[in-house]
Amino acid sequence: MGKTIVGAGSAEGLPLSEAVSAGGFLFLSGLVGFGPDGRIVPGGISAETDAIMAEAKRLLALGRGSLRDVVKVSVLLADAGEFDSFNTAYRRHFPESPPARISMSVGLTIDARVELDLIAYVGDIPARAEAP
Amino acid sequence: MGKTIVGAGSAEGLPLSEAVSAGGFLFLSGLVGFGPDGRIVPGGISAETDAIMAEAKRLLALGRGSLRDVVKVSVLLADAGEFDSFNTAYRRHFPESPPARISMSVGLTIDARVELDLIAYVGDIPARAEAP
Amino acid sequence: MGKTIVGAGSAEGLPLSEAVSAGGFLFLSGLVGFGPDGRIVPGGISAETDAIMAEAKRLLALGRGSLRDVVKVSVLLADAGEFDSFNTAYRRHFPESPPARISMSVGLTIDARVELDLIAYVGDIPARAEAP
């Protein structure tokens, strides 16, 4: 088995790993805008996007990467009408060389406005694993 | 072209390959809970999840992998209200080092309760292709 | 950072790259059926699919690939009832060794009938980047 678990299991006790590294890529589980209290942050989609990016940075760093290494993002919106607000917030986190991206509105499994799915390429340096 | 077709074309005559191997990764087409008679198995989302995993194991084995090599799963639910039931069934198939995961509810293209999209990392061993 | 931007930023000024190459893979941003005038082409899902494939070929060529190198496609339909019409159009573009695929109906962020998400494997040849 050539995969490495990065980060912990889900904070909500779900059967998933926060991130998995394999073949130079880092696959993150879907991220929603949780605050330190384990609830979705108040303030709307802009605040949720910022919270997601903070968590993404933490996980990417555990895998020896950063936001600059993200190659693909899937954007899941609860309401497609918030696409413009989301883009304004998202753009600040990728000032240059943004990832490829796809966006859609779906039903989320938690009461949030946006969920992001990230794939990064961190190359052949072995990821630093963290015990769950 | 560096990709290898693994398994056959779709049993339903759809324009897709069951799985494709490239760069050490194995990409599986979306799986629903078909039974041996080509119909979605009865018994609800738990039975459908078990049927999906049986088929995933078969395809992963053709690509020289196993469920332990799965790095990312996208979970498509017809009804987000079945998320807990799904997780109970899914967890049994990944007792340790589960894949990264994202879940959402969408409209499926077949009358099923859940569809799974799997990516595995099987490394540089060439996959064993099977004639369609 | 081991990723290479392929193609330009989005024509609609969105914070995304048309395609990103890393680790031998090429990740394309979601494609809808834009015509030369920047609007969704008339003619329904078949015409939209053809327009998407023309654009996919252009981007794949920039990354030194072709449709034959596509390993995985995610099909986002605005209306699952158009699945058969879509398949008829899509099949013509993949006469052999089609990619693995998953299909679903979701809310698109633009008034189109179908959006496609493609991943190709182009191997270790460095992609030819194009200034945005």
# chains A, B, ... in the order shown; residues from 1 in each chain; ligands from 1
call {"tool": "residues_around", "arguments": {"residues": "stretch 108-110 of chain B", "least_positions_apart": "2", "cutoff": "9 Å", "atoms": "only C-alpha atoms", "output": "list in words"}}
result
Val32, Leu76, Leu77, Ala78, Ser105, Val106, Ala112, Arg113, Val114 and Glu115 of chain B; Ala80, Gly81, Phe83, Ser103, Met104 and Ser105 of chain C
call {"tool": "select_by_dssp", "arguments": {"residues": "stretch 52-101 of chain A", "states": "strand (DSSP E)", "output": "ChimeraX atom specification"}}
result
/A:70-77,100-101
call {"tool": "write_last_selection", "arguments": {"atoms": "N, CA and C atoms", "output": "PDB file, in the first residue's frame"}}
result
ATOM      1  N   VAL A  70      -2.148  23.521  -4.780  1.00  0.00           N
ATOM      2  CA  VAL A  70      -3.472  22.970  -5.107  1.00  0.00           C
ATOM      3  C   VAL A  70      -3.672  23.009  -6.623  1.00  0.00           C
ATOM      4  N   VAL A  71      -4.030  21.857  -7.195  1.00  0.00           N
ATOM      5  CA  VAL A  71      -4.169  21.769  -8.654  1.00  0.00           C
ATOM      6  C   VAL A  71      -5.635  21.755  -9.092  1.00  0.00           C
ATOM      7  N   LYS A  72      -6.512  21.296  -8.202  1.00  0.00           N
ATOM      8  CA  LYS A  72      -7.927  21.185  -8.594  1.00  0.00           C
ATOM      9  C   LYS A  72      -8.824  21.382  -7.383  1.00  0.00           C
ATOM     10  N   VAL A  73      -9.870  22.171  -7.581  1.00  0.00           N
ATOM     11  CA  VAL A  73     -10.846  22.388  -6.517  1.00  0.00           C
ATOM     12  C   VAL A  73     -12.244  22.134  -7.073  1.00  0.00           C
ATOM     13  N   SER A  74     -13.031  21.363  -6.334  1.00  0.00           N
ATOM     14  CA  SER A  74     -14.456  21.233  -6.635  1.00  0.00           C
ATOM     15  C   SER A  74     -15.217  22.057  -5.605  1.00  0.00           C
ATOM     16  N   VAL A  75     -16.061  22.947  -6.102  1.00  0.00           N
ATOM     17  CA  VAL A  75     -16.813  23.865  -5.253  1.00  0.00           C
ATOM     18  C   VAL A  75     -18.260  23.398  -5.177  1.00  0.00           C
ATOM     19  N   LEU A  76     -18.698  23.055  -3.997  1.00  0.00           N
ATOM     20  CA  LEU A  76     -20.084  22.631  -3.804  1.00  0.00           C
ATOM     21  C   LEU A  76     -20.833  23.723  -3.051  1.00  0.00           C
ATOM     22  N   LEU A  77     -21.765  24.349  -3.734  1.00  0.00           N
ATOM     23  CA  LEU A  77     -22.545  25.426  -3.132  1.00  0.00           C
ATOM     24  C   LEU A  77     -23.917  24.908  -2.738  1.00  0.00           C
ATOM     25  N   ALA A 100      -7.259  24.638 -11.280  1.00  0.00           N
ATOM     26  CA  ALA A 100      -8.420  24.330 -12.103  1.00  0.00           C
ATOM     27  C   ALA A 100      -9.600  24.140 -11.151  1.00  0.00           C
ATOM     28  N   ARG A 101     -10.815  24.325 -11.657  1.00  0.00           N
ATOM     29  CA  ARG A 101     -11.946  24.339 -10.732  1.00  0.00           C
ATOM     30  C   ARG A 101     -13.227  23.925 -11.418  1.00  0.00           C
TER      31      ARG A 101
END
call {"tool": "interface_residues", "arguments": {"of": "chain C", "to": "chain A", "cutoff": "6 Å", "atoms": "only C-alpha atoms", "output": "VMD selection string"}}
result
chain C and resid 1 15 to 20 28 to 30 106 to 109
call {"tool": "write_last_selection", "arguments": {"atoms": "C-alpha atoms", "output": "JSON list (two decimals), in the first residue's frame"}}
result
[["chain", "number", "residue", "atom", "x", "y", "z"],
["C", 1, "MET", "CA", 5.73, 24.02, -6.55],
["C", 15, "PRO", "CA", -10.54, 32.84, -10.21],
["C", 16, "LEU", "CA", -9.44, 29.66, -11.93],
["C", 17, "SER", "CA", -6.96, 28.35, -14.48],
["C", 18, "GLU", "CA", -8.30, 26.65, -17.60],
["C", 19, "ALA", "CA", -6.06, 23.67, -16.89],
["C", 20, "VAL", "CA", -3.28, 22.68, -14.51],
["C", 28, "LEU", "CA", -9.20, 20.78, -16.70],
["C", 29, "SER", "CA", -11.63, 23.24, -15.22],
["C", 30, "GLY", "CA", -15.29, 22.47, -15.75],
["C", 106, "VAL", "CA", -26.83, 19.08, -10.13],
["C", 107, "GLY", "CA", -27.43, 22.81, -10.26],
["C", 108, "LEU", "CA", -24.98, 24.36, -12.70],
["C", 109, "THR", "CA", -23.58, 27.84, -12.07]]
